[in-house]
Amino acid sequence: MLLEKLDIHNFKNIEEAHLEFSPKINCLLGLNGMGKSNLLDAIYYLSLCKSFSGMTDMMLLRRGSDFAMLKGEYLRGGVEEQLTMGLQRGKRKSLRRGGKEYQRLSAHIGLFPAVLVAPHDADLIREGGEERRRWMDMVISQADSRYLDALIRYNAALEHRNRLLRDGSVDHTLYEAVEAAMDITAQYIHERRKEWTQKLVVIFKRYYAAIAGDELESVDMSYRGSLDQSRDGSLTSLLDSARLHDELVKHTSVGPHRDDLEMLLDDMPMKRSGSQGQCKTFTVALRLAQYDFLHQTTHLKPLLLLDDIFDKLDAQRVERIMQLVTTDEAFGQIFITDTNRKHLDEIMSKTDDRYRMWSVTDGTFTQTPSL
């Protein structure tokens, strides 16, 4: 899959931009805060209908503007496609594919896959389980629409149960009905997460070893699911056992919304034992494994967005990463941001691919000659 052209109006600090991309490597060069990452966010938004920054839709509007528009022209599976996303104050966002508006944005997820590698990926290691669950759900949802539907229905039932707990309801029949709905979807979520982790860890270890080179570092990752603690494999029994406790704390303390991924370096928690370089290598390998997984399941080459990934990595690991993504046929179109022209030219000089480069200043993109 290729993003051939992108038009942007009033998105973050970008008032207006019209870019035509190389089918392989596209470089965005500029100081921090100039708009490089905002362009990647626009691409990400067209794929996943949300910002990778976590900002709300209205916060994405350029200051002083009441609307924003993104239009991408793609070559997907050999077919020309167009996506148009519109944001306007006071209205729901609108996404059109080929001029036809989606009624449910969830139906779009996974059709135009993209993978972002960014500095905030360190949160996958440093932060709590919520960050890792969000990542799991985002990746699996792009490959399995049934999973996304189960997740939506589980979260709706979970909110219903939490509302009962907050209100102090004693209607056990109502609890049982809500918990039965949670249990049905929890089973599917648990099995898919478990299966996904088993597949991903094999790919992940291969990428970590390729980036780390000769350095002897053993990494691993495993899924810690709530249902593994159930005596009969169901969520219902866990919820029943936790009912009195949950009534005291006013929220649901067990279930897939409490699951986690354990990340290890040399059999120790990565969070405590990994250096900055090792943590960066770990998260880059996770993202490349994510790319590989989506490529296998969607049969499309996702867009690969590399946002300032060279920080905290030594020159050898940077070179190995670039060799991986530019020489392996599994990887397609790539977008890279950096602040150092000399650094970027040195990296690009070691690849055989032609590339395009833009200088970015205050949301303005100027194409510059590549060396």
# chains A, B, ... in the order shown; residues from 1 in each chain; ligands from 1
>>> select_by_dssp(residues="segment 323-363 of chain A", states="alpha helix (DSSP H)", output="VMD selection string")
chain A and resid 323 to 327 341 to 349
>>> write_last_selection(atoms="C-alpha atoms", output="compact mmCIF listing (two decimals), in the first residue's frame")
# COMPACT_ATOMS: atom_id res chain seq x y z
CA GLN A 323 19.16 -1.90 6.64
CA LEU A 324 16.20 -3.93 7.87
CA VAL A 325 13.47 -1.58 6.72
CA THR A 326 15.05 -0.56 3.42
CA THR A 327 16.35 -3.91 2.14
CA ARG A 341 20.45 17.02 7.97
CA LYS A 342 23.97 15.62 8.09
CA HIS A 343 22.83 12.72 10.23
CA LEU A 344 19.92 11.97 7.89
CA ASP A 345 22.10 12.19 4.76
CA GLU A 346 24.60 9.76 6.31
CA ILE A 347 21.80 7.30 7.04
CA MET A 348 20.29 7.65 3.57
CA SER A 349 23.69 7.28 1.87
>>> residues_around(residues="segment 173-187 of chain A", least_positions_apart="6", cutoff="7 Å", atoms="only C-alpha atoms", output="ChimeraX atom specification")
/A:150,154,157-158,161,234-236,256
>>> closest_atom_pairs(of="segment 63-164 of chain A", to="segment 294-317 of chain A", cutoff="7 Å", atoms="only C-alpha atoms", output="tab-separated table")
residue	atom	partner	partner_atom	distance
A:Pro113	CA	A:Pro302	CA	4.8
A:Ala114	CA	A:Leu303	CA	4.5
A:Val115	CA	A:Leu304	CA	5.1
A:Leu116	CA	A:Leu305	CA	4.6
A:Val117	CA	A:Leu306	CA	4.9
A:Ala118	CA	A:Asp307	CA	4.8
A:Pro119	CA	A:Ile309	CA	6.4
A:Ala143	CA	A:Thr297	CA	5.9
>>> closest_residue(among="A:Leu105, A:Gly64, A:Thr337, A:Met221", to="Asp41 of chain A", atoms="only C-alpha atoms")
A:Thr337
>>> residues_around(residues="Cys27 of chain A", least_positions_apart="2", cutoff="7 Å", atoms="only C-alpha atoms", output="PyMOL selection string")
chain A and resi 25+29+335-337+356-358
>>> write_last_selection(atoms="N, CA, C and O atoms", output="PDB file, in the first residue's frame")
ATOM      1  N   ILE A  25      11.057   5.963   0.426  1.00  0.00           N
ATOM      2  CA  ILE A  25      11.491   6.682   1.627  1.00  0.00           C
ATOM      3  C   ILE A  25      11.198   8.172   1.496  1.00  0.00           C
ATOM      4  O   ILE A  25      11.521   8.801   0.482  1.00  0.00           O
ATOM      5  N   LEU A  29      12.704  16.969   7.628  1.00  0.00           N
ATOM      6  CA  LEU A  29      13.829  17.525   8.369  1.00  0.00           C
ATOM      7  C   LEU A  29      13.452  18.873   8.974  1.00  0.00           C
ATOM      8  O   LEU A  29      12.925  19.746   8.278  1.00  0.00           O
ATOM      9  N   PHE A 335       8.247   6.765   6.183  1.00  0.00           N
ATOM     10  CA  PHE A 335       8.314   8.197   6.468  1.00  0.00           C
ATOM     11  C   PHE A 335       9.197   8.389   7.690  1.00  0.00           C
ATOM     12  O   PHE A 335       8.976   7.762   8.731  1.00  0.00           O
ATOM     13  N   ILE A 336      10.219   9.260   7.583  1.00  0.00           N
ATOM     14  CA  ILE A 336      11.210   9.436   8.641  1.00  0.00           C
ATOM     15  C   ILE A 336      11.302  10.910   9.028  1.00  0.00           C
ATOM     16  O   ILE A 336      11.350  11.782   8.152  1.00  0.00           O
ATOM     17  N   THR A 337      11.341  11.197  10.326  1.00  0.00           N
ATOM     18  CA  THR A 337      11.614  12.560  10.781  1.00  0.00           C
ATOM     19  C   THR A 337      12.955  12.592  11.503  1.00  0.00           C
ATOM     20  O   THR A 337      13.360  11.628  12.160  1.00  0.00           O
ATOM     21  N   ARG A 356      12.830  11.175  -1.013  1.00  0.00           N
ATOM     22  CA  ARG A 356      12.479  12.587  -1.093  1.00  0.00           C
ATOM     23  C   ARG A 356      12.617  13.198   0.289  1.00  0.00           C
ATOM     24  O   ARG A 356      12.348  12.540   1.286  1.00  0.00           O
ATOM     25  N   MET A 357      13.019  14.473   0.300  1.00  0.00           N
ATOM     26  CA  MET A 357      13.238  15.147   1.577  1.00  0.00           C
ATOM     27  C   MET A 357      12.548  16.507   1.577  1.00  0.00           C
ATOM     28  O   MET A 357      12.556  17.214   0.573  1.00  0.00           O
ATOM     29  N   TRP A 358      11.933  16.828   2.730  1.00  0.00           N
ATOM     30  CA  TRP A 358      11.312  18.130   2.911  1.00  0.00           C
ATOM     31  C   TRP A 358      11.921  18.824   4.122  1.00  0.00           C
ATOM     32  O   TRP A 358      12.171  18.187   5.150  1.00  0.00           O
TER      33      TRP A 358
END
>>> residues_around(residues="Asp266 of chain A", least_positions_apart="6", cutoff="10 Å", atoms="only C-alpha atoms", output="VMD selection string")
chain A and resid 216 to 220 273 to 274
>>> residues_around(residues="segment 5-14 of chain A", least_positions_apart="5", cutoff="8 Å", atoms="only C-alpha atoms", output="ChimeraX atom specification")
/A:19-21,35,38,42,59-63,65,67-74,362-364
>>> atom_distance(atom1="atom CA of Gly128 of chain A", atom2="atom CA of Lys194 of chain A")
18.9 Å
>>> select_by_dssp(residues="segment 195-279 of chain A", states="strand (DSSP E or B)", output="PDB file with all heavy atoms, in the first residue's frame")
ATOM      1  N   VAL A 219      15.605 -11.517  25.338  1.00  0.00           N
ATOM      2  CA  VAL A 219      14.348 -10.801  25.610  1.00  0.00           C
ATOM      3  C   VAL A 219      13.175 -11.763  25.495  1.00  0.00           C
ATOM      4  O   VAL A 219      13.243 -12.785  24.809  1.00  0.00           O
ATOM      5  CB  VAL A 219      14.150  -9.621  24.632  1.00  0.00           C
ATOM      6  CG1 VAL A 219      15.169  -8.527  24.894  1.00  0.00           C
ATOM      7  CG2 VAL A 219      14.203 -10.080  23.185  1.00  0.00           C
ATOM      8  N   ASP A 220      12.086 -11.403  26.182  1.00  0.00           N
ATOM      9  CA  ASP A 220      10.883 -12.232  26.122  1.00  0.00           C
ATOM     10  C   ASP A 220       9.674 -11.371  26.460  1.00  0.00           C
ATOM     11  O   ASP A 220       9.800 -10.264  27.001  1.00  0.00           O
ATOM     12  CB  ASP A 220      10.988 -13.407  27.104  1.00  0.00           C
ATOM     13  CG  ASP A 220      10.114 -14.593  26.687  1.00  0.00           C
ATOM     14  OD1 ASP A 220       9.360 -14.468  25.694  1.00  0.00           O
ATOM     15  OD2 ASP A 220      10.182 -15.635  27.355  1.00  0.00           O
ATOM     16  N   MET A 221       8.508 -11.905  26.143  1.00  0.00           N
ATOM     17  CA  MET A 221       7.262 -11.214  26.443  1.00  0.00           C
ATOM     18  C   MET A 221       6.172 -12.264  26.614  1.00  0.00           C
ATOM     19  O   MET A 221       6.109 -13.232  25.858  1.00  0.00           O
ATOM     20  CB  MET A 221       6.910 -10.267  25.284  1.00  0.00           C
ATOM     21  CG  MET A 221       5.682  -9.411  25.522  1.00  0.00           C
ATOM     22  SD  MET A 221       5.489  -8.162  24.217  1.00  0.00           S
ATOM     23  CE  MET A 221       5.208  -9.214  22.780  1.00  0.00           C
ATOM     24  N   SER A 222       5.308 -12.092  27.615  1.00  0.00           N
ATOM     25  CA  SER A 222       4.233 -13.047  27.839  1.00  0.00           C
ATOM     26  C   SER A 222       2.966 -12.315  28.263  1.00  0.00           C
ATOM     27  O   SER A 222       3.018 -11.227  28.832  1.00  0.00           O
ATOM     28  CB  SER A 222       4.623 -14.078  28.908  1.00  0.00           C
ATOM     29  OG  SER A 222       4.923 -13.439  30.136  1.00  0.00           O
ATOM     30  N   TYR A 223       1.842 -12.941  27.977  1.00  0.00           N
ATOM     31  CA  TYR A 223       0.531 -12.359  28.259  1.00  0.00           C
ATOM     32  C   TYR A 223       0.062 -12.804  29.631  1.00  0.00           C
ATOM     33  O   TYR A 223       0.091 -13.990  29.959  1.00  0.00           O
ATOM     34  CB  TYR A 223      -0.448 -12.815  27.174  1.00  0.00           C
ATOM     35  CG  TYR A 223      -1.892 -12.426  27.394  1.00  0.00           C
ATOM     36  CD1 TYR A 223      -2.260 -11.113  27.680  1.00  0.00           C
ATOM     37  CD2 TYR A 223      -2.906 -13.383  27.292  1.00  0.00           C
ATOM     38  CE1 TYR A 223      -3.585 -10.759  27.862  1.00  0.00           C
ATOM     39  CE2 TYR A 223      -4.243 -13.037  27.461  1.00  0.00           C
ATOM     40  CZ  TYR A 223      -4.573 -11.728  27.748  1.00  0.00           C
ATOM     41  OH  TYR A 223      -5.889 -11.387  27.923  1.00  0.00           O
ATOM     42  N   ARG A 224      -0.377 -11.858  30.443  1.00  0.00           N
ATOM     43  CA  ARG A 224      -0.917 -12.140  31.770  1.00  0.00           C
ATOM     44  C   ARG A 224      -2.410 -11.812  31.745  1.00  0.00           C
ATOM     45  O   ARG A 224      -2.809 -10.662  31.924  1.00  0.00           O
ATOM     46  CB  ARG A 224      -0.185 -11.306  32.822  1.00  0.00           C
ATOM     47  CG  ARG A 224       1.301 -11.662  32.971  1.00  0.00           C
ATOM     48  CD  ARG A 224       1.452 -13.029  33.630  1.00  0.00           C
ATOM     49  NE  ARG A 224       2.848 -13.431  33.758  1.00  0.00           N
ATOM     50  CZ  ARG A 224       3.450 -14.318  32.982  1.00  0.00           C
ATOM     51  NH1 ARG A 224       2.763 -14.868  31.985  1.00  0.00           N
ATOM     52  NH2 ARG A 224       4.697 -14.658  33.177  1.00  0.00           N
ATOM     53  N   ASP A 260      -2.331  -7.704  31.262  1.00  0.00           N
ATOM     54  CA  ASP A 260      -1.048  -7.025  31.041  1.00  0.00           C
ATOM     55  C   ASP A 260      -0.122  -7.904  30.211  1.00  0.00           C
ATOM     56  O   ASP A 260      -0.368  -9.110  30.020  1.00  0.00           O
ATOM     57  CB  ASP A 260      -0.390  -6.703  32.381  1.00  0.00           C
ATOM     58  CG  ASP A 260       0.602  -5.537  32.299  1.00  0.00           C
ATOM     59  OD1 ASP A 260       0.910  -5.084  31.180  1.00  0.00           O
ATOM     60  OD2 ASP A 260       1.070  -5.091  33.365  1.00  0.00           O
ATOM     61  N   LEU A 261       0.937  -7.283  29.712  1.00  0.00           N
ATOM     62  CA  LEU A 261       2.030  -7.987  29.048  1.00  0.00           C
ATOM     63  C   LEU A 261       3.267  -7.867  29.920  1.00  0.00           C
ATOM     64  O   LEU A 261       3.617  -6.772  30.367  1.00  0.00           O
ATOM     65  CB  LEU A 261       2.319  -7.364  27.680  1.00  0.00           C
ATOM     66  CG  LEU A 261       1.339  -7.635  26.548  1.00  0.00           C
ATOM     67  CD1 LEU A 261       1.649  -6.724  25.369  1.00  0.00           C
ATOM     68  CD2 LEU A 261       1.386  -9.089  26.118  1.00  0.00           C
ATOM     69  N   GLU A 262       3.916  -8.987  30.174  1.00  0.00           N
ATOM     70  CA  GLU A 262       5.173  -8.972  30.927  1.00  0.00           C
ATOM     71  C   GLU A 262       6.324  -8.898  29.936  1.00  0.00           C
ATOM     72  O   GLU A 262       6.430  -9.718  29.025  1.00  0.00           O
ATOM     73  CB  GLU A 262       5.296 -10.231  31.788  1.00  0.00           C
ATOM     74  CG  GLU A 262       6.521 -10.221  32.678  1.00  0.00           C
ATOM     75  CD  GLU A 262       6.601 -11.451  33.567  1.00  0.00           C
ATOM     76  OE1 GLU A 262       6.266 -12.559  33.083  1.00  0.00           O
ATOM     77  OE2 GLU A 262       6.992 -11.309  34.737  1.00  0.00           O
ATOM     78  N   MET A 263       7.208  -7.894  30.098  1.00  0.00           N
ATOM     79  CA  MET A 263       8.326  -7.681  29.190  1.00  0.00           C
ATOM     80  C   MET A 263       9.626  -7.903  29.946  1.00  0.00           C
ATOM     81  O   MET A 263       9.859  -7.271  30.987  1.00  0.00           O
ATOM     82  CB  MET A 263       8.269  -6.270  28.604  1.00  0.00           C
ATOM     83  CG  MET A 263       7.016  -6.011  27.786  1.00  0.00           C
ATOM     84  SD  MET A 263       6.925  -4.314  27.170  1.00  0.00           S
ATOM     85  CE  MET A 263       5.506  -4.458  26.049  1.00  0.00           C
ATOM     86  N   LEU A 264      10.484  -8.786  29.428  1.00  0.00           N
ATOM     87  CA  LEU A 264      11.670  -9.222  30.154  1.00  0.00           C
ATOM     88  C   LEU A 264      12.950  -9.036  29.351  1.00  0.00           C
ATOM     89  O   LEU A 264      12.966  -9.206  28.129  1.00  0.00           O
ATOM     90  CB  LEU A 264      11.546 -10.700  30.525  1.00  0.00           C
ATOM     91  CG  LEU A 264      10.350 -11.108  31.386  1.00  0.00           C
ATOM     92  CD1 LEU A 264      10.302 -12.630  31.520  1.00  0.00           C
ATOM     93  CD2 LEU A 264      10.401 -10.446  32.756  1.00  0.00           C
ATOM     94  N   LEU A 265      14.030  -8.700  30.059  1.00  0.00           N
ATOM     95  CA  LEU A 265      15.382  -8.670  29.512  1.00  0.00           C
ATOM     96  C   LEU A 265      16.253  -9.528  30.413  1.00  0.00           C
ATOM     97  O   LEU A 265      16.375  -9.245  31.614  1.00  0.00           O
ATOM     98  CB  LEU A 265      15.922  -7.242  29.460  1.00  0.00           C
ATOM     99  CG  LEU A 265      17.400  -7.092  29.069  1.00  0.00           C
ATOM    100  CD1 LEU A 265      17.609  -7.468  27.606  1.00  0.00           C
ATOM    101  CD2 LEU A 265      17.889  -5.671  29.325  1.00  0.00           C
ATOM    102  N   MET A 268      14.694 -10.590  33.618  1.00  0.00           N
ATOM    103  CA  MET A 268      14.363  -9.544  34.576  1.00  0.00           C
ATOM    104  C   MET A 268      13.380  -8.569  33.923  1.00  0.00           C
ATOM    105  O   MET A 268      13.392  -8.390  32.706  1.00  0.00           O
ATOM    106  CB  MET A 268      15.625  -8.787  35.003  1.00  0.00           C
ATOM    107  CG  MET A 268      16.619  -9.631  35.782  1.00  0.00           C
ATOM    108  SD  MET A 268      16.012 -10.015  37.444  1.00  0.00           S
ATOM    109  CE  MET A 268      16.101  -8.392  38.200  1.00  0.00           C
ATOM    110  N   PRO A 269      12.508  -7.925  34.731  1.00  0.00           N
ATOM    111  CA  PRO A 269      11.576  -6.955  34.143  1.00  0.00           C
ATOM    112  C   PRO A 269      12.326  -5.868  33.376  1.00  0.00           C
ATOM    113  O   PRO A 269      13.254  -5.250  33.907  1.00  0.00           O
ATOM    114  CB  PRO A 269      10.861  -6.376  35.370  1.00  0.00           C
ATOM    115  CG  PRO A 269      10.961  -7.448  36.404  1.00  0.00           C
ATOM    116  CD  PRO A 269      12.301  -8.093  36.185  1.00  0.00           C
TER     117      PRO A 269
END
